[in-house]
$ cat protein09.txt   # compact mmCIF, C-alpha atoms (C1' of nucleotides)
# COMPACT_ATOMS: atom_id res chain seq x y z
CA MET A 1061 130.38 108.08 79.98
CA VAL A 1062 127.54 110.57 80.11
CA LYS A 1063 125.41 110.24 83.21
CA LYS A 1064 121.75 109.81 82.50
CA PRO A 1065 119.23 111.86 84.47
CA LEU A 1066 116.60 109.90 86.37
CA ARG A 1067 113.71 111.62 88.14
CA ILE A 1068 111.56 109.59 90.50
CA ALA A 1069 108.53 110.61 92.54
CA THR A 1070 106.33 109.09 95.22
CA PHE A 1071 102.73 110.22 95.60
CA ASN A 1072 99.84 109.02 97.74
CA VAL A 1073 97.21 109.79 95.11
CA ASN A 1074 94.17 108.94 97.30
CA SER A 1075 92.15 107.44 94.42
CA VAL A 1076 93.90 107.25 91.06
CA ARG A 1077 90.60 107.60 89.20
CA GLY A 1078 89.37 110.60 91.12
CA ARG A 1079 92.77 112.27 90.88
CA LEU A 1080 93.47 111.47 87.23
CA PRO A 1081 93.06 115.07 85.96
CA ILE A 1082 95.62 116.51 88.37
CA LEU A 1083 97.89 113.52 87.86
CA GLU A 1084 97.85 114.09 84.09
CA ARG A 1085 98.48 117.79 84.54
CA TRP A 1086 101.30 117.21 86.99
CA LEU A 1087 103.01 114.46 84.98
CA SER A 1088 102.98 116.56 81.82
CA ASP A 1089 104.92 119.27 83.68
CA SER A 1090 107.13 117.32 86.03
CA LYS A 1091 109.34 115.13 83.78
CA VAL A 1092 109.04 112.19 86.14
CA ASP A 1093 110.62 109.00 84.80
CA LEU A 1094 109.49 106.65 87.55
CA LEU A 1095 106.36 107.31 89.58
CA PHE A 1096 105.38 105.36 92.69
CA LEU A 1097 101.73 105.62 93.69
CA GLN A 1098 99.90 104.61 96.85
CA GLU A 1099 96.19 104.41 97.72
CA THR A 1100 95.03 103.91 94.16
CA LYS A 1101 91.75 102.56 95.59
CA VAL A 1102 90.73 100.60 92.52
CA VAL A 1103 90.56 96.96 91.44
CA ASP A 1104 92.91 96.06 88.60
CA ALA A 1105 90.08 95.63 86.07
CA ASP A 1106 89.14 99.28 86.52
CA PHE A 1107 92.63 100.81 86.68
CA PRO A 1108 92.90 103.71 84.17
CA GLU A 1109 95.74 102.11 82.25
CA ALA A 1110 94.94 103.83 78.95
CA ALA A 1111 95.39 107.27 80.51
CA PHE A 1112 98.93 106.34 81.54
CA SER A 1113 99.67 104.85 78.13
CA SER A 1114 98.60 108.02 76.36
CA MET A 1115 100.95 109.98 78.63
CA GLY A 1116 103.80 107.71 77.58
CA TYR A 1117 103.96 105.59 80.72
CA GLN A 1118 103.92 101.86 81.17
CA VAL A 1119 102.00 101.23 84.37
CA TYR A 1120 101.99 98.28 86.77
CA PHE A 1121 99.34 98.06 89.46
CA CYS A 1122 97.82 95.90 92.16
CA GLY A 1123 94.75 97.21 93.91
CA GLU A 1124 91.49 96.44 95.66
CA LYS A 1125 88.08 97.97 96.06
CA SER A 1126 88.00 101.21 98.07
CA TYR A 1127 91.23 100.76 100.02
CA ASN A 1128 94.98 100.48 99.52
CA GLY A 1129 96.47 99.76 96.11
CA VAL A 1130 99.96 100.55 94.80
CA ALA A 1131 101.25 101.23 91.30
CA VAL A 1132 104.46 101.98 89.43
CA ALA A 1133 104.47 104.07 86.26
CA ALA A 1134 107.57 104.22 84.08
CA ARG A 1135 108.44 106.32 81.06
CA GLU A 1136 109.55 104.48 77.95
CA SER A 1137 113.08 105.78 78.62
CA VAL A 1138 113.26 103.44 81.62
CA LYS A 1139 114.56 100.21 80.16
CA GLY A 1140 114.24 96.67 81.44
CA LEU A 1141 111.91 97.38 84.35
CA GLN A 1142 110.38 94.47 86.23
CA VAL A 1143 107.64 95.04 88.80
CA ARG A 1144 106.30 92.60 91.37
CA PHE A 1145 103.88 92.96 94.27
CA GLY A 1146 104.07 91.88 97.89
CA PHE A 1147 107.08 91.27 100.12
CA GLY A 1148 107.61 87.87 98.50
CA ASP A 1149 109.03 86.42 101.71
CA GLY A 1150 106.58 83.53 101.90
CA ARG A 1151 104.84 84.99 104.95
CA LYS A 1152 101.25 86.09 105.34
CA PRO A 1153 99.75 88.52 104.71
CA ASP A 1154 101.60 89.22 101.50
CA PHE A 1155 100.46 92.89 101.40
CA LEU A 1156 100.01 92.66 97.63
CA THR A 1157 98.16 95.98 97.58
CA ARG A 1158 100.65 97.75 99.85
CA VAL A 1159 104.01 96.65 98.47
CA ALA A 1160 105.50 96.97 94.97
CA VAL A 1161 109.08 96.17 94.00
CA ALA A 1162 110.41 97.81 90.82
CA GLU A 1163 113.76 96.62 89.55
CA ALA A 1164 115.89 97.27 86.50
CA PRO A 1165 118.49 94.51 86.91
CA GLY A 1166 121.99 95.91 87.02
CA ALA A 1167 120.72 99.48 87.34
CA PHE A 1168 118.47 100.03 90.38
CA LYS A 1169 115.75 98.66 92.64
CA PHE A 1170 112.93 100.46 94.46
CA LEU A 1171 110.63 99.24 97.21
CA ASN A 1172 107.34 101.16 97.08
CA THR A 1173 105.11 100.73 100.13
CA TYR A 1174 101.93 102.04 101.65
CA VAL A 1175 102.65 101.35 105.31
CA PRO A 1176 99.55 100.57 107.44
CA GLN A 1177 98.52 103.73 109.25
CA GLY A 1178 97.71 101.90 112.49
CA LYS A 1179 94.53 103.73 113.60
CA GLU A 1180 95.30 103.96 117.35
CA ILE A 1181 98.24 102.82 119.45
CA THR A 1182 95.87 100.42 121.25
CA HIS A 1183 94.50 99.00 117.98
CA GLU A 1184 95.70 95.70 116.55
CA ASP A 1185 96.52 97.51 113.31
CA TYR A 1186 99.29 99.36 115.16
CA GLN A 1187 100.90 96.01 115.94
CA MET A 1188 100.53 95.09 112.29
CA LYS A 1189 102.25 98.36 111.40
CA LYS A 1190 105.23 97.44 113.55
CA LYS A 1191 105.36 93.97 111.98
CA PHE A 1192 105.22 95.59 108.54
CA LEU A 1193 108.29 97.68 109.39
CA GLU A 1194 110.09 94.54 110.57
CA ARG A 1195 109.35 92.94 107.22
CA ALA A 1196 110.66 96.03 105.46
CA ARG A 1197 113.93 95.60 107.36
CA ALA A 1198 114.04 91.91 106.40
CA PHE A 1199 113.51 92.95 102.78
CA LEU A 1200 116.50 95.29 102.99
CA GLU A 1201 118.68 92.56 104.38
CA ARG A 1202 117.51 90.20 101.64
CA GLU A 1203 117.42 92.46 98.62
CA ALA A 1204 118.97 95.90 99.04
CA ALA A 1205 122.67 95.31 99.47
CA ASP A 1206 124.72 96.40 96.49
CA ALA A 1207 122.84 97.99 93.61
CA PRO A 1208 121.35 101.49 93.87
CA PHE A 1209 118.24 101.10 96.04
CA ALA A 1210 115.60 103.18 97.77
CA TRP A 1211 112.59 102.51 99.95
CA VAL A 1212 109.89 104.97 98.92
CA GLY A 1213 106.24 105.64 99.58
CA ASP A 1214 103.70 106.69 102.16
CA LEU A 1215 105.52 105.28 105.17
CA ASN A 1216 103.12 106.79 107.73
CA VAL A 1217 105.92 107.77 110.11
CA ALA A 1218 107.19 111.28 110.83
CA PRO A 1219 110.78 110.57 111.92
CA ARG A 1220 111.53 113.67 114.00
CA GLU A 1221 109.88 116.55 115.84
CA LEU A 1222 110.86 118.75 112.92
CA ASP A 1223 108.60 116.62 110.72
CA VAL A 1224 105.27 117.51 112.37
CA THR A 1225 103.46 120.63 113.47
CA ARG A 1226 103.15 120.81 117.27
CA PRO A 1227 104.93 117.55 118.15
CA GLU A 1228 103.98 117.97 121.83
CA ASN A 1229 100.36 117.19 120.85
CA LYS A 1230 101.22 114.11 118.81
CA LYS A 1231 103.08 111.85 121.24
CA ASP A 1232 100.28 109.25 121.18
CA HIS A 1233 99.66 109.42 117.45
CA VAL A 1234 100.32 106.23 115.48
CA CYS A 1235 102.53 108.13 113.03
CA PHE A 1236 104.64 109.85 115.71
CA HIS A 1237 104.64 107.73 118.87
CA ALA A 1238 108.14 107.02 120.26
CA ASP A 1239 107.71 103.28 119.58
CA ILE A 1240 107.02 103.66 115.90
CA ARG A 1241 109.75 106.27 115.38
CA GLU A 1242 112.22 104.00 117.12
CA LYS A 1243 111.19 101.09 114.92
CA PHE A 1244 111.43 103.27 111.83
CA ALA A 1245 114.90 104.49 112.83
CA TRP A 1246 115.95 100.88 113.35
CA VAL A 1247 114.90 100.00 109.78
CA LEU A 1248 116.90 102.95 108.44
CA SER A 1249 119.89 101.96 110.54
CA TRP A 1250 120.35 99.07 108.14
CA GLY A 1251 121.87 101.70 105.88
CA LEU A 1252 119.31 104.07 104.40
CA THR A 1253 119.43 107.86 104.28
CA ASP A 1254 116.44 110.19 104.33
CA LEU A 1255 117.04 111.90 101.00
CA PHE A 1256 114.86 114.95 101.65
CA ARG A 1257 116.68 115.65 104.94
CA ARG A 1258 120.06 115.19 103.28
CA PHE A 1259 119.30 118.09 100.95
CA HIS A 1260 117.19 120.15 103.37
CA PRO A 1261 118.47 119.57 106.92
CA ASP A 1262 116.32 122.21 108.61
CA ALA A 1263 113.34 122.61 106.29
CA VAL A 1264 109.87 122.76 107.83
CA ASP A 1265 108.14 121.13 104.90
CA TYR A 1266 105.44 118.48 104.83
CA THR A 1267 103.98 115.86 102.49
CA PHE A 1268 100.60 115.41 104.18
CA PHE A 1269 97.99 117.99 105.10
CA ASP A 1270 94.80 116.89 106.87
CA TYR A 1271 91.67 117.74 104.88
CA ARG A 1272 89.89 118.44 108.14
CA LEU A 1273 92.11 121.34 109.14
CA LYS A 1274 91.24 124.73 107.78
CA ASP A 1275 93.87 126.15 105.39
CA ALA A 1276 96.40 123.53 106.45
CA LEU A 1277 98.49 124.04 103.33
CA SER A 1278 98.76 127.83 103.49
CA ARG A 1279 99.36 127.68 107.27
CA ASN A 1280 101.91 124.88 106.72
CA VAL A 1281 100.27 122.59 109.27
CA GLY A 1282 101.14 119.06 108.28
CA TRP A 1283 103.22 115.93 108.50
CA ARG A 1284 106.29 114.66 106.65
CA ILE A 1285 105.35 110.99 106.33
CA ASP A 1286 106.16 110.26 102.67
CA HIS A 1287 109.78 109.42 102.09
CA ILE A 1288 112.57 108.46 99.73
CA LEU A 1289 115.20 106.52 101.70
CA ALA A 1290 118.29 105.64 99.72
CA ASN A 1291 121.19 103.27 100.28
CA GLU A 1292 124.79 104.49 99.91
CA SER A 1293 125.00 103.32 96.34
CA LEU A 1294 122.00 105.36 95.22
CA MET A 1295 122.94 108.33 97.44
CA SER A 1296 126.08 108.78 95.38
CA HIS A 1297 123.86 109.49 92.34
CA ALA A 1298 121.46 111.90 94.06
CA VAL A 1299 121.46 115.55 93.02
CA ALA A 1300 118.16 116.88 94.43
CA CYS A 1301 115.08 116.02 96.49
CA PHE A 1302 112.05 118.24 97.00
CA ILE A 1303 108.37 118.27 97.94
CA ASP A 1304 106.26 119.54 95.05
CA ARG A 1305 103.35 121.41 96.55
CA GLU A 1306 101.95 122.69 93.29
CA PRO A 1307 99.41 119.89 92.72
CA ARG A 1308 97.99 120.66 96.17
CA GLY A 1309 96.89 124.02 94.88
CA TRP A 1310 94.96 122.54 91.98
CA GLU A 1311 91.35 121.39 91.91
CA LYS A 1312 90.71 118.24 93.91
CA PRO A 1313 94.16 117.99 95.44
CA SER A 1314 95.18 114.87 97.27
CA ASP A 1315 95.79 115.21 101.00
CA HIS A 1316 99.36 114.13 100.21
CA THR A 1317 101.76 115.96 97.97
CA PRO A 1318 104.38 114.46 95.63
CA LEU A 1319 107.96 113.96 96.80
CA VAL A 1320 110.50 114.10 93.96
CA ALA A 1321 114.15 113.09 93.68
CA ASP A 1322 116.69 113.61 90.90
CA PHE A 1323 119.62 111.32 90.16
CA ARG A 1324 122.42 111.17 87.64
CA MET A 1325 122.87 107.50 86.91
C1' DA B 443 90.40 122.76 120.60
C1' DT B 444 89.73 116.12 120.43
C1' DG B 445 86.66 119.18 116.07
C1' DG B 446 87.10 119.07 111.18
C1' DT B 447 86.78 116.77 105.32
C1' DC B 448 87.39 113.84 101.87
C1' DG B 449 86.88 109.21 98.80
C1' DA B 450 84.48 105.04 97.82
C1' DC B 451 80.33 103.35 98.46
C1' DT B 452 76.03 102.17 101.39
C1' DC B 453 76.23 103.94 105.19
C1' DT B 454 79.98 103.96 107.34
C1' DC B 455 84.75 103.28 107.29
C1' DG B 456 89.55 104.65 106.72
C1' DA B 457 92.76 108.40 106.76

$ encode --input "protein09.txt" --output "structure tokens"
Amino acid sequence: MVKKPLRIATFNVNSVRGRLPILERWLSDSKVDLLFLQETKVVDADFPEAAFSSMGYQVYFCGEKSYNGVAVAARESVKGLQVRFGFGDGRKPDFLTRVAVAEAPGAFKFLNTYVPQGKEITHEDYQMKKKFLERARAFLEREAADAPFAWVGDLNVAPRELDVTRPENKKDHVCFHADIREKFAWVLSWGLTDLFRRFHPDAVDYTFFDYRLKDALSRNVGWRIDHILANESLMSHAVACFIDREPRGWEKPSDHTPLVADFRM
DNA sequence: ATGGTCGACTCTCGA
């Protein structure tokens, strides 16, 4: 049986409407089959669905005004895809605009999340961030056992010192504090592997570059906080994983950069 | 060094 190539990507687009030109340009070049977006920042009525259709993608989205919002875009070659929003565990909040689940029954399942950033370690949002990670772990235990699965998205955690510039200055940052990294590692200990690190064990490569820092991209001053975390079943199909910096060099780049993975299913 | 710049939208917040 011939193995079918599957390319997925996760991208914090930071406004899907504002970033539509670079998204169209990137998708036309990148051969992505399944795209997971975060921070679409648009209500569903105003989502640019037609632009995705004309690029050959079926798109599923759940957003709100100004903040948050997640979406899944699938090429027509992806058959039988079902997409739902929220953790679906009966608890509140549901995080409908931070959580999307995309499943092709019998083939694969992906959890796409925009993890709360947390603001400050003393802020209540940081506690919410920890609770969110606990619910991600509960989701894994509930839904990620056998079939090929990955947790993807803007997870707002840099797992290791290697994943940030100047870690000694970031010990109290909500995306790098020991507490949140420990919690993150505990979620992964369920049985997920950091796909980028599997293919690039020592790479100093980032997915987020702060707009406020001068020449962050060319100086390579950033954070690796966007991830593709695969279970054993999906790992066995993985052939590549890389950060695609090219869209960051285009007009109106996002502060995040796409993370891409290739599989042979 | 504790700044800086974006995006959406009222003006200031979130990142």

$ closest_atom_pairs --input "protein09.txt" --of "chain A" --to "chain B" --cutoff "7 Å" --atoms "all atoms listed in the file" --output "JSON lines"
{"residue": "A:Ser1126", "atom": "CA", "partner": "B:DA450", "partner_atom": "C1'", "distance": 5.2}
{"residue": "A:Tyr1271", "atom": "CA", "partner": "B:DT447", "partner_atom": "C1'", "distance": 5.0}
{"residue": "A:Arg1272", "atom": "CA", "partner": "B:DG446", "partner_atom": "C1'", "distance": 4.2}
{"residue": "A:Leu1273", "atom": "CA", "partner": "B:DG446", "partner_atom": "C1'", "distance": 5.9}

$ residues_around --input "protein09.txt" --residues "stretch 1133-1149 of chain A" --least-positions-apart "5" --cutoff "6 Å" --atoms "all atoms listed in the file" --output "JSON, numbers by chain"
{"A": [1093, 1094, 1095, 1116, 1117, 1118, 1119, 1154, 1155, 1156, 1159, 1160, 1161, 1162, 1163, 1164]}

$ atom_distance --input "protein09.txt" --atom1 "atom CA of A:Asp1262" --atom2 "atom CA of A:Lys1274"
25.2 Å

$ residues_around --input "protein09.txt" --residues "A:Gly1178" --least-positions-apart "5" --cutoff "12 Å" --atoms "all atoms listed in the file" --output "count of residues only"
23

$ atom_distance --input "protein09.txt" --atom1 "atom CA of A:Leu1252" --atom2 "atom CA of A:Arg1197"
10.5 Å

$ atom_distance --input "protein09.txt" --atom1 "atom CA of A:Ala1110" --atom2 "atom CA of A:Gln1098"
18.6 Å

$ residues_around --input "protein09.txt" --residues "stretch 1291-1306 of chain A" --least-positions-apart "3" --cutoff "9 Å" --atoms "all atoms listed in the file" --output "NGL selection string"
:A and (1086 or 1168 or 1204-1211 or 1250-1253 or 1255-1260 or 1265-1267 or 1277 or 1288 or 1309-1310 or 1317-1325)

$ build_atoms --input "protein09.txt" --residues "stretch 1211-1246 of chain A" --atoms "N, CA and C atoms" --output "mmCIF file, in the frame of the given file"
data_model
loop_
_atom_site.group_PDB
_atom_site.id
_atom_site.type_symbol
_atom_site.label_atom_id
_atom_site.label_comp_id
_atom_site.auth_asym_id
_atom_site.auth_seq_id
_atom_site.Cartn_x
_atom_site.Cartn_y
_atom_site.Cartn_z
ATOM 1 N N TRP A 1211 113.925 102.824 99.430
ATOM 2 C CA TRP A 1211 112.590 102.510 99.950
ATOM 3 C C TRP A 1211 111.794 103.804 99.869
ATOM 4 N N VAL A 1212 110.679 103.755 99.146
ATOM 5 C CA VAL A 1212 109.890 104.970 98.920
ATOM 6 C C VAL A 1212 108.427 104.702 99.274
ATOM 7 N N GLY A 1213 107.683 105.784 99.435
ATOM 8 C CA GLY A 1213 106.240 105.640 99.580
ATOM 9 C C GLY A 1213 105.657 106.452 100.722
ATOM 10 N N ASP A 1214 104.374 106.154 100.979
ATOM 11 C CA ASP A 1214 103.700 106.690 102.160
ATOM 12 C C ASP A 1214 104.061 105.755 103.300
ATOM 13 N N LEU A 1215 105.007 106.166 104.120
ATOM 14 C CA LEU A 1215 105.520 105.280 105.170
ATOM 15 C C LEU A 1215 104.824 105.533 106.510
ATOM 16 N N ASN A 1216 103.960 106.530 106.559
ATOM 17 C CA ASN A 1216 103.120 106.790 107.730
ATOM 18 C C ASN A 1216 103.913 106.925 109.032
ATOM 19 N N VAL A 1217 105.135 107.432 108.931
ATOM 20 C CA VAL A 1217 105.920 107.770 110.110
ATOM 21 C C VAL A 1217 106.597 109.117 109.865
ATOM 22 N N ALA A 1218 106.434 110.024 110.828
ATOM 23 C CA ALA A 1218 107.190 111.280 110.830
ATOM 24 C C ALA A 1218 108.407 111.054 111.718
ATOM 25 N N PRO A 1219 109.614 111.053 111.151
ATOM 26 C CA PRO A 1219 110.780 110.570 111.920
ATOM 27 C C PRO A 1219 111.179 111.443 113.095
ATOM 28 N N ARG A 1220 111.004 112.759 112.977
ATOM 29 C CA ARG A 1220 111.530 113.670 114.000
ATOM 30 C C ARG A 1220 110.524 114.763 114.342
ATOM 31 N N GLU A 1221 110.763 115.450 115.438
ATOM 32 C CA GLU A 1221 109.880 116.550 115.840
ATOM 33 C C GLU A 1221 109.750 117.591 114.743
ATOM 34 N N LEU A 1222 110.850 117.796 114.024
ATOM 35 C CA LEU A 1222 110.860 118.750 112.920
ATOM 36 C C LEU A 1222 109.872 118.391 111.820
ATOM 37 N N ASP A 1223 109.417 117.131 111.815
ATOM 38 C CA ASP A 1223 108.600 116.620 110.720
ATOM 39 C C ASP A 1223 107.100 116.700 110.965
ATOM 40 N N VAL A 1224 106.700 117.304 112.096
ATOM 41 C CA VAL A 1224 105.270 117.510 112.370
ATOM 42 C C VAL A 1224 105.057 118.903 112.964
ATOM 43 N N THR A 1225 103.840 119.404 112.787
ATOM 44 C CA THR A 1225 103.460 120.630 113.470
ATOM 45 C C THR A 1225 103.000 120.292 114.887
ATOM 46 N N ARG A 1226 103.487 121.013 115.853
ATOM 47 C CA ARG A 1226 103.150 120.810 117.270
ATOM 48 C C ARG A 1226 103.378 119.363 117.735
ATOM 49 N N PRO A 1227 104.625 118.936 117.741
ATOM 50 C CA PRO A 1227 104.930 117.550 118.150
ATOM 51 C C PRO A 1227 104.468 117.224 119.563
ATOM 52 N N GLU A 1228 104.387 118.227 120.435
ATOM 53 C CA GLU A 1228 103.980 117.970 121.830
ATOM 54 C C GLU A 1228 102.544 117.429 121.904
ATOM 55 N N ASN A 1229 101.739 117.689 120.865
ATOM 56 C CA ASN A 1229 100.360 117.190 120.850
ATOM 57 C C ASN A 1229 100.219 115.841 120.139
ATOM 58 N N LYS A 1230 101.308 115.298 119.672
ATOM 59 C CA LYS A 1230 101.220 114.110 118.810
ATOM 60 C C LYS A 1230 101.941 112.900 119.372
ATOM 61 N N LYS A 1231 102.268 112.934 120.665
ATOM 62 C CA LYS A 1231 103.080 111.850 121.240
ATOM 63 C C LYS A 1231 102.369 110.509 121.224
ATOM 64 N N ASP A 1232 101.029 110.510 121.206
ATOM 65 C CA ASP A 1232 100.280 109.250 121.180
ATOM 66 C C ASP A 1232 99.710 108.947 119.800
ATOM 67 N N HIS A 1233 100.148 109.679 118.811
ATOM 68 C CA HIS A 1233 99.660 109.420 117.450
ATOM 69 C C HIS A 1233 100.435 108.258 116.831
ATOM 70 N N VAL A 1234 99.707 107.443 116.060
ATOM 71 C CA VAL A 1234 100.320 106.230 115.480
ATOM 72 C C VAL A 1234 101.428 106.535 114.466
ATOM 73 N N CYS A 1235 101.474 107.771 113.981
ATOM 74 C CA CYS A 1235 102.530 108.130 113.030
ATOM 75 C C CYS A 1235 103.686 108.891 113.690
ATOM 76 N N PHE A 1236 103.603 109.065 115.021
ATOM 77 C CA PHE A 1236 104.640 109.850 115.710
ATOM 78 C C PHE A 1236 105.042 109.296 117.070
ATOM 79 N N HIS A 1237 104.323 108.306 117.570
ATOM 80 C CA HIS A 1237 104.640 107.730 118.870
ATOM 81 C C HIS A 1237 106.114 107.273 118.913
ATOM 82 N N ALA A 1238 106.720 107.372 120.091
ATOM 83 C CA ALA A 1238 108.140 107.020 120.260
ATOM 84 C C ALA A 1238 108.440 105.604 119.755
ATOM 85 N N ASP A 1239 107.499 104.675 120.006
ATOM 86 C CA ASP A 1239 107.710 103.280 119.580
ATOM 87 C C ASP A 1239 107.890 103.156 118.071
ATOM 88 N N ILE A 1240 106.994 103.830 117.350
ATOM 89 C CA ILE A 1240 107.020 103.660 115.900
ATOM 90 C C ILE A 1240 108.213 104.413 115.297
ATOM 91 N N ARG A 1241 108.580 105.524 115.885
ATOM 92 C CA ARG A 1241 109.750 106.270 115.380
ATOM 93 C C ARG A 1241 111.038 105.499 115.661
ATOM 94 N N GLU A 1242 111.043 104.828 116.795
ATOM 95 C CA GLU A 1242 112.220 104.000 117.120
ATOM 96 C C GLU A 1242 112.336 102.834 116.143
ATOM 97 N N LYS A 1243 111.193 102.203 115.863
ATOM 98 C CA LYS A 1243 111.190 101.090 114.920
ATOM 99 C C LYS A 1243 111.615 101.551 113.529
ATOM 100 N N PHE A 1244 111.103 102.693 113.140
ATOM 101 C CA PHE A 1244 111.430 103.270 111.830
ATOM 102 C C PHE A 1244 112.942 103.572 111.742
ATOM 103 N N ALA A 1245 113.471 104.160 112.801
ATOM 104 C CA ALA A 1245 114.900 104.490 112.830
ATOM 105 C C ALA A 1245 115.751 103.219 112.751
ATOM 106 N N TRP A 1246 115.241 102.169 113.397
ATOM 107 C CA TRP A 1246 115.950 100.880 113.350
ATOM 108 C C TRP A 1246 115.980 100.317 111.925
#
